[in-house]
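Student: I am sharing my_file10.csv, which consists of CSV, C-alpha atoms:
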```csv
chain,number,residue,atom,x,y,z
A,1,MET,CA,-55.3,-77.4,-19.1
A,2,SER,CA,-55.0,-76.3,-15.6
A,3,ALA,CA,-53.3,-79.5,-14.6
A,4,ALA,CA,-50.6,-79.0,-17.3
A,5,ARG,CA,-50.1,-75.5,-16.1
A,6,LYS,CA,-49.6,-76.6,-12.5
A,7,SER,CA,-47.0,-79.3,-13.4
A,8,LYS,CA,-44.9,-76.7,-15.3
A,9,PRO,CA,-42.5,-75.0,-12.9
A,10,GLU,CA,-42.5,-71.2,-12.8
A,11,THR,CA,-38.9,-70.5,-13.1
A,12,SER,CA,-38.9,-66.7,-13.2
A,13,SER,CA,-41.1,-66.1,-10.2
A,14,ASN,CA,-39.5,-69.0,-8.3
A,15,MET,CA,-36.0,-67.5,-8.9
A,16,LEU,CA,-37.3,-64.1,-7.8
A,17,ARG,CA,-38.7,-65.5,-4.7
A,18,GLN,CA,-35.5,-67.3,-3.8
A,19,ILE,CA,-33.5,-64.1,-4.3
A,20,MET,CA,-36.0,-62.1,-2.1
A,21,TYR,CA,-35.8,-64.6,0.7
A,22,GLY,CA,-32.0,-65.1,0.5
A,23,ARG,CA,-32.0,-68.7,-0.5
A,24,VAL,CA,-29.7,-68.2,-3.5
A,25,VAL,CA,-26.8,-66.7,-1.6
A,26,ASN,CA,-26.4,-69.0,1.3
A,27,SER,CA,-23.6,-71.2,2.7
A,28,ASP,CA,-24.2,-73.9,0.1
A,29,PHE,CA,-23.7,-71.3,-2.7
A,30,PHE,CA,-20.3,-70.3,-1.3
A,31,ALA,CA,-19.4,-73.9,-0.7
A,32,ARG,CA,-20.1,-74.8,-4.3
A,33,ASN,CA,-18.5,-71.7,-5.8
A,34,TRP,CA,-15.6,-71.0,-3.6
A,35,MET,CA,-13.1,-71.1,-6.5
A,36,GLY,CA,-15.0,-68.4,-8.4
A,37,MET,CA,-15.3,-66.2,-5.3
A,38,VAL,CA,-11.6,-66.4,-4.6
A,39,LEU,CA,-10.9,-65.6,-8.3
A,40,LEU,CA,-13.3,-62.7,-8.1
A,41,ALA,CA,-11.7,-61.3,-5.0
A,42,PHE,CA,-8.2,-61.7,-6.6
A,43,VAL,CA,-9.4,-59.8,-9.8
A,44,LEU,CA,-10.9,-57.0,-7.6
A,45,LEU,CA,-7.7,-56.6,-5.7
A,46,ILE,CA,-5.7,-56.4,-9.0
A,47,TYR,CA,-8.2,-53.8,-10.3
A,48,ILE,CA,-7.9,-51.7,-7.2
A,49,SER,CA,-4.1,-51.9,-7.2
A,50,GLY,CA,-3.9,-50.9,-10.9
A,51,LYS,CA,-6.2,-48.0,-10.3
A,52,TYR,CA,-4.2,-46.8,-7.3
A,53,THR,CA,-1.0,-47.1,-9.3
A,54,CYS,CA,-2.5,-45.2,-12.2
A,55,GLN,CA,-3.6,-42.4,-10.0
A,56,THR,CA,-0.3,-42.0,-8.3
A,57,LYS,CA,1.5,-42.0,-11.7
A,58,MET,CA,-0.9,-39.3,-13.0
A,59,GLU,CA,-0.2,-37.2,-9.9
A,60,GLU,CA,3.5,-37.6,-10.5
A,61,ILE,CA,3.1,-36.5,-14.1
A,62,ARG,CA,1.1,-33.4,-13.1
A,63,ARG,CA,3.8,-32.5,-10.5
A,64,LEU,CA,6.6,-33.0,-13.0
A,65,GLN,CA,4.8,-31.0,-15.7
A,66,HIS,CA,4.3,-28.1,-13.2
A,67,LYS,CA,8.0,-28.3,-12.3
A,68,LEU,CA,8.9,-28.3,-16.0
A,69,GLU,CA,6.9,-25.1,-16.5
A,70,VAL,CA,8.6,-23.4,-13.6
A,71,VAL,CA,12.1,-24.4,-14.8
A,72,THR,CA,11.3,-23.3,-18.4
A,73,ALA,CA,10.2,-19.9,-17.2
A,74,GLU,CA,13.3,-19.7,-15.0
A,75,ARG,CA,15.5,-20.6,-18.0
A,76,VAL,CA,13.9,-17.9,-20.2
A,77,SER,CA,14.5,-15.3,-17.5
A,78,VAL,CA,18.2,-16.4,-17.0
A,79,ARG,CA,18.8,-16.5,-20.7
A,80,SER,CA,17.4,-13.0,-21.2
A,81,THR,CA,19.6,-11.7,-18.4
A,82,TYR,CA,22.6,-13.4,-19.9
A,83,MET,CA,21.9,-12.1,-23.4
A,84,SER,CA,21.6,-8.5,-22.0
A,85,ARG,CA,24.9,-8.9,-20.3
A,86,ILE,CA,26.9,-10.1,-23.3
A,87,ARG,CA,25.7,-7.3,-25.6
A,88,GLU,CA,28.6,-5.1,-26.7
A,89,SER,CA,27.0,-1.9,-25.4
A,90,ALA,CA,26.3,-3.4,-22.0
A,91,MET,CA,29.9,-4.8,-21.9
A,92,GLN,CA,31.3,-1.4,-22.9
A,93,GLN,CA,29.3,0.3,-20.2
A,94,MET,CA,30.5,-2.2,-17.6
A,95,VAL,CA,34.1,-1.6,-18.6
A,96,ASP,CA,33.6,2.2,-18.4
A,97,THR,CA,32.1,1.9,-14.9
A,98,LEU,CA,35.0,-0.2,-13.7
A,99,HIS,CA,37.5,2.3,-15.2
A,100,LEU,CA,39.6,-0.3,-16.9
A,101,ASN,CA,40.7,2.0,-19.8
A,102,LEU,CA,39.7,-0.5,-22.4
A,103,SER,CA,38.0,0.4,-25.7
A,104,VAL,CA,36.6,-1.4,-28.7
A,105,GLN,CA,38.9,-1.6,-31.7
A,106,PRO,CA,37.6,0.1,-34.8
A,107,TYR,CA,39.1,-2.5,-37.1
A,108,PRO,CA,39.2,-6.2,-36.7
A,109,PRO,CA,42.6,-7.8,-36.0
A,110,PHE,CA,44.9,-8.6,-38.9
A,111,VAL,CA,46.4,-12.0,-39.6
A,112,ILE,CA,50.0,-11.7,-40.5
A,113,ASN,CA,51.3,-14.5,-42.7
A,114,GLN,CA,55.0,-15.1,-42.7
A,115,SER,CA,56.1,-16.0,-46.2
A,116,SER,CA,59.4,-17.7,-47.0
A,117,GLU,CA,59.9,-15.7,-50.2
A,118,LYS,CA,61.9,-12.5,-50.1
```
Represent the structure of the file as structure tokens.
Tutor:
Amino acid sequence: MSAARKSKPETSSNMLRQIMYGRVVNSDFFARNWMGMVLLAFVLLIYISGKYTCQTKMEEIRRLQHKLEVVTAERVSVRSTYMSRIRESAMQQMVDTLHLNLSVQPYPPFVINQSSEK
């Protein structure tokens, strides 16, 4: 039985030994698998490029969201200032401080219809 055992190759330890001594990745390996290596390098470059593009787009999104928050806060502030200026009491106070001698009419304006009947 020992003779049968010796003739059977030990693939797992043989492969481990080749990896340890650097016999698997040598110039013959690259010569046989050059197309795969080029393809692997190309895929890695595409992956790196996609990741960089994604990161730059995410930074731009964060920057634009921050800008949107600032503009929204500014819009609310300007709107409140505008709404305080167009109130009737604020307008009347402004007219009084400018001494324009204008006042609010107590009654709304009347619409006069001209009829053809007499």
Student: Return as CSV the residues of range 28-105 of chain A lying at most 12 Å from range 13-24 of chain A, together with the closest atom-to-atom pair for each and the distance in Å to one decimal, counting only C-alpha atoms, with rows in chain order and ascending residue number.
Tutor:
```
residue,atom,partner,partner_atom,distance
A:Asp28,CA,A:Val24,CA,8.7
A:Phe29,CA,A:Val24,CA,6.8
A:Phe30,CA,A:Val24,CA,9.9
A:Arg32,CA,A:Val24,CA,11.7
A:Asn33,CA,A:Val24,CA,12.0
```
Student: What does the structure give for the distance between CA of Gln92 in chain A and CA of Gln105 in chain A, in Å to one decimal?
Tutor: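 Here the two named atoms are 11.6 Å from each other.
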Student: Kindly give the distance, in Å, that separates CA of Gln93 in chain A and CA of Pro109 in chain A, rounded to a single decimal.
Tutor: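 Value for the CA of Gln93 in chain A-CA of Pro109 in chain A distance: 22.2 Å.
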Student: Quick check, in Å to one decimal: how far apart do CA of Leu102 in chain A and CA of Arg85 in chain A lie?
Tutor: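 So the two atoms, CA of Leu102 in chain A and CA of Arg85 in chain A, lie 17.1 Å apart.
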Student: From the structure block, carefully write range 74-108 of chain A out with N, CA, C and O atoms; format it as a tab-separated table (two decimals), in the first residue's frame.
Tutor:
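Everything below was put into result-v2.tsv:
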```
chain	number	residue	atom	x	y	z
A	74	GLU	N	-32.70	82.17	4.26
A	74	GLU	CA	-32.71	83.55	3.80
A	74	GLU	C	-34.07	83.93	3.22
A	74	GLU	O	-34.57	85.03	3.45
A	75	ARG	N	-34.68	83.01	2.49
A	75	ARG	CA	-36.01	83.27	1.92
A	75	ARG	C	-37.04	83.50	3.01
A	75	ARG	O	-37.87	84.42	2.93
A	76	VAL	N	-36.99	82.69	4.06
A	76	VAL	CA	-37.93	82.85	5.17
A	76	VAL	C	-37.74	84.21	5.83
A	76	VAL	O	-38.70	84.92	6.16
A	77	SER	N	-36.48	84.61	6.02
A	77	SER	CA	-36.20	85.90	6.65
A	77	SER	C	-36.70	87.05	5.79
A	77	SER	O	-37.34	87.99	6.29
A	78	VAL	N	-36.42	87.00	4.49
A	78	VAL	CA	-36.86	88.07	3.59
A	78	VAL	C	-38.38	88.10	3.50
A	78	VAL	O	-38.98	89.18	3.47
A	79	ARG	N	-39.02	86.94	3.48
A	79	ARG	CA	-40.48	86.90	3.40
A	79	ARG	C	-41.10	87.51	4.66
A	79	ARG	O	-42.09	88.25	4.57
A	80	SER	N	-40.54	87.21	5.83
A	80	SER	CA	-41.10	87.79	7.05
A	80	SER	C	-40.92	89.31	7.06
A	80	SER	O	-41.82	90.05	7.50
A	81	THR	N	-39.79	89.78	6.56
A	81	THR	CA	-39.58	91.23	6.47
A	81	THR	C	-40.59	91.87	5.52
A	81	THR	O	-41.18	92.90	5.82
A	82	TYR	N	-40.81	91.22	4.39
A	82	TYR	CA	-41.78	91.72	3.40
A	82	TYR	C	-43.17	91.74	3.97
A	82	TYR	O	-43.91	92.72	3.82
A	83	MET	N	-43.56	90.65	4.64
A	83	MET	CA	-44.91	90.57	5.19
A	83	MET	C	-45.11	91.62	6.28
A	83	MET	O	-46.21	92.17	6.42
A	84	SER	N	-44.07	91.93	7.04
A	84	SER	CA	-44.22	92.97	8.06
A	84	SER	C	-44.33	94.35	7.43
A	84	SER	O	-44.96	95.25	7.99
A	85	ARG	N	-43.74	94.53	6.28
A	85	ARG	CA	-43.80	95.84	5.62
A	85	ARG	C	-45.13	96.09	4.92
A	85	ARG	O	-45.52	97.24	4.72
A	86	ILE	N	-45.81	95.05	4.49
A	86	ILE	CA	-47.06	95.29	3.74
A	86	ILE	C	-48.29	95.27	4.64
A	86	ILE	O	-49.39	95.44	4.14
A	87	ARG	N	-48.14	95.06	5.92
A	87	ARG	CA	-49.29	95.14	6.82
A	87	ARG	C	-49.84	96.57	6.81
A	87	ARG	O	-49.09	97.55	6.70
A	88	GLU	N	-51.12	96.67	6.96
A	88	GLU	CA	-51.77	97.98	6.88
A	88	GLU	C	-51.28	98.92	7.98
A	88	GLU	O	-51.02	100.10	7.72
A	89	SER	N	-51.12	98.40	9.16
A	89	SER	CA	-50.68	99.27	10.26
A	89	SER	C	-49.25	99.75	10.03
A	89	SER	O	-48.93	100.92	10.30
A	90	ALA	N	-48.40	98.87	9.51
A	90	ALA	CA	-47.03	99.28	9.23
A	90	ALA	C	-46.99	100.31	8.11
A	90	ALA	O	-46.21	101.27	8.15
A	91	MET	N	-47.85	100.11	7.11
A	91	MET	CA	-47.91	101.06	6.01
A	91	MET	C	-48.44	102.42	6.49
A	91	MET	O	-47.92	103.46	6.10
A	92	GLN	N	-49.45	102.40	7.35
A	92	GLN	CA	-50.00	103.65	7.87
A	92	GLN	C	-48.96	104.39	8.72
A	92	GLN	O	-48.82	105.60	8.62
A	93	GLN	N	-48.20	103.65	9.49
A	93	GLN	CA	-47.15	104.26	10.31
A	93	GLN	C	-46.07	104.87	9.43
A	93	GLN	O	-45.57	105.97	9.69
A	94	MET	N	-45.72	104.21	8.34
A	94	MET	CA	-44.71	104.74	7.43
A	94	MET	C	-45.22	106.00	6.75
A	94	MET	O	-44.47	106.97	6.59
A	95	VAL	N	-46.49	106.00	6.35
A	95	VAL	CA	-47.07	107.19	5.71
A	95	VAL	C	-47.08	108.34	6.71
A	95	VAL	O	-46.78	109.49	6.36
A	96	ASP	N	-47.43	108.08	7.96
A	96	ASP	CA	-47.45	109.12	8.99
A	96	ASP	C	-46.06	109.68	9.26
A	96	ASP	O	-45.91	110.89	9.49
A	97	THR	N	-45.04	108.83	9.25
A	97	THR	CA	-43.69	109.34	9.51
A	97	THR	C	-43.16	110.16	8.35
A	97	THR	O	-42.33	111.05	8.54
A	98	LEU	N	-43.66	109.90	7.14
A	98	LEU	CA	-43.23	110.67	5.97
A	98	LEU	C	-44.08	111.93	5.77
A	98	LEU	O	-43.80	112.71	4.85
A	99	HIS	N	-45.12	112.13	6.58
A	99	HIS	CA	-46.00	113.31	6.53
A	99	HIS	C	-46.57	113.51	5.13
A	99	HIS	O	-46.46	114.58	4.53
A	100	LEU	N	-47.20	112.48	4.62
A	100	LEU	CA	-47.82	112.55	3.29
A	100	LEU	C	-49.28	112.97	3.33
A	100	LEU	O	-49.91	113.15	2.29
A	101	ASN	N	-49.86	113.09	4.52
A	101	ASN	CA	-51.25	113.48	4.70
A	101	ASN	C	-52.22	112.54	3.99
A	101	ASN	O	-53.18	112.97	3.35
A	102	LEU	N	-51.92	111.26	4.04
A	102	LEU	CA	-52.81	110.25	3.47
A	102	LEU	C	-53.44	109.48	4.63
A	102	LEU	O	-52.86	109.31	5.68
A	103	SER	N	-54.67	109.02	4.39
A	103	SER	CA	-55.34	108.24	5.43
A	103	SER	C	-56.10	107.09	4.78
A	103	SER	O	-56.40	107.11	3.58
A	104	VAL	N	-56.48	106.15	5.60
A	104	VAL	CA	-57.23	104.99	5.11
A	104	VAL	C	-58.69	105.36	5.02
A	104	VAL	O	-59.25	105.96	5.95
A	105	GLN	N	-59.33	105.02	3.93
A	105	GLN	CA	-60.75	105.31	3.75
A	105	GLN	C	-61.57	104.38	4.64
A	105	GLN	O	-61.30	103.19	4.73
A	106	PRO	N	-62.58	104.92	5.29
A	106	PRO	CA	-63.40	104.06	6.15
A	106	PRO	C	-64.30	103.11	5.36
A	106	PRO	O	-64.67	102.06	5.85
A	107	TYR	N	-64.63	103.50	4.15
A	107	TYR	CA	-65.53	102.69	3.33
A	107	TYR	C	-64.81	102.28	2.05
A	107	TYR	O	-64.01	103.04	1.51
A	108	PRO	N	-65.16	101.13	1.51
A	108	PRO	CA	-64.54	100.73	0.24
A	108	PRO	C	-65.04	101.60	-0.90
A	108	PRO	O	-66.10	102.23	-0.79
```
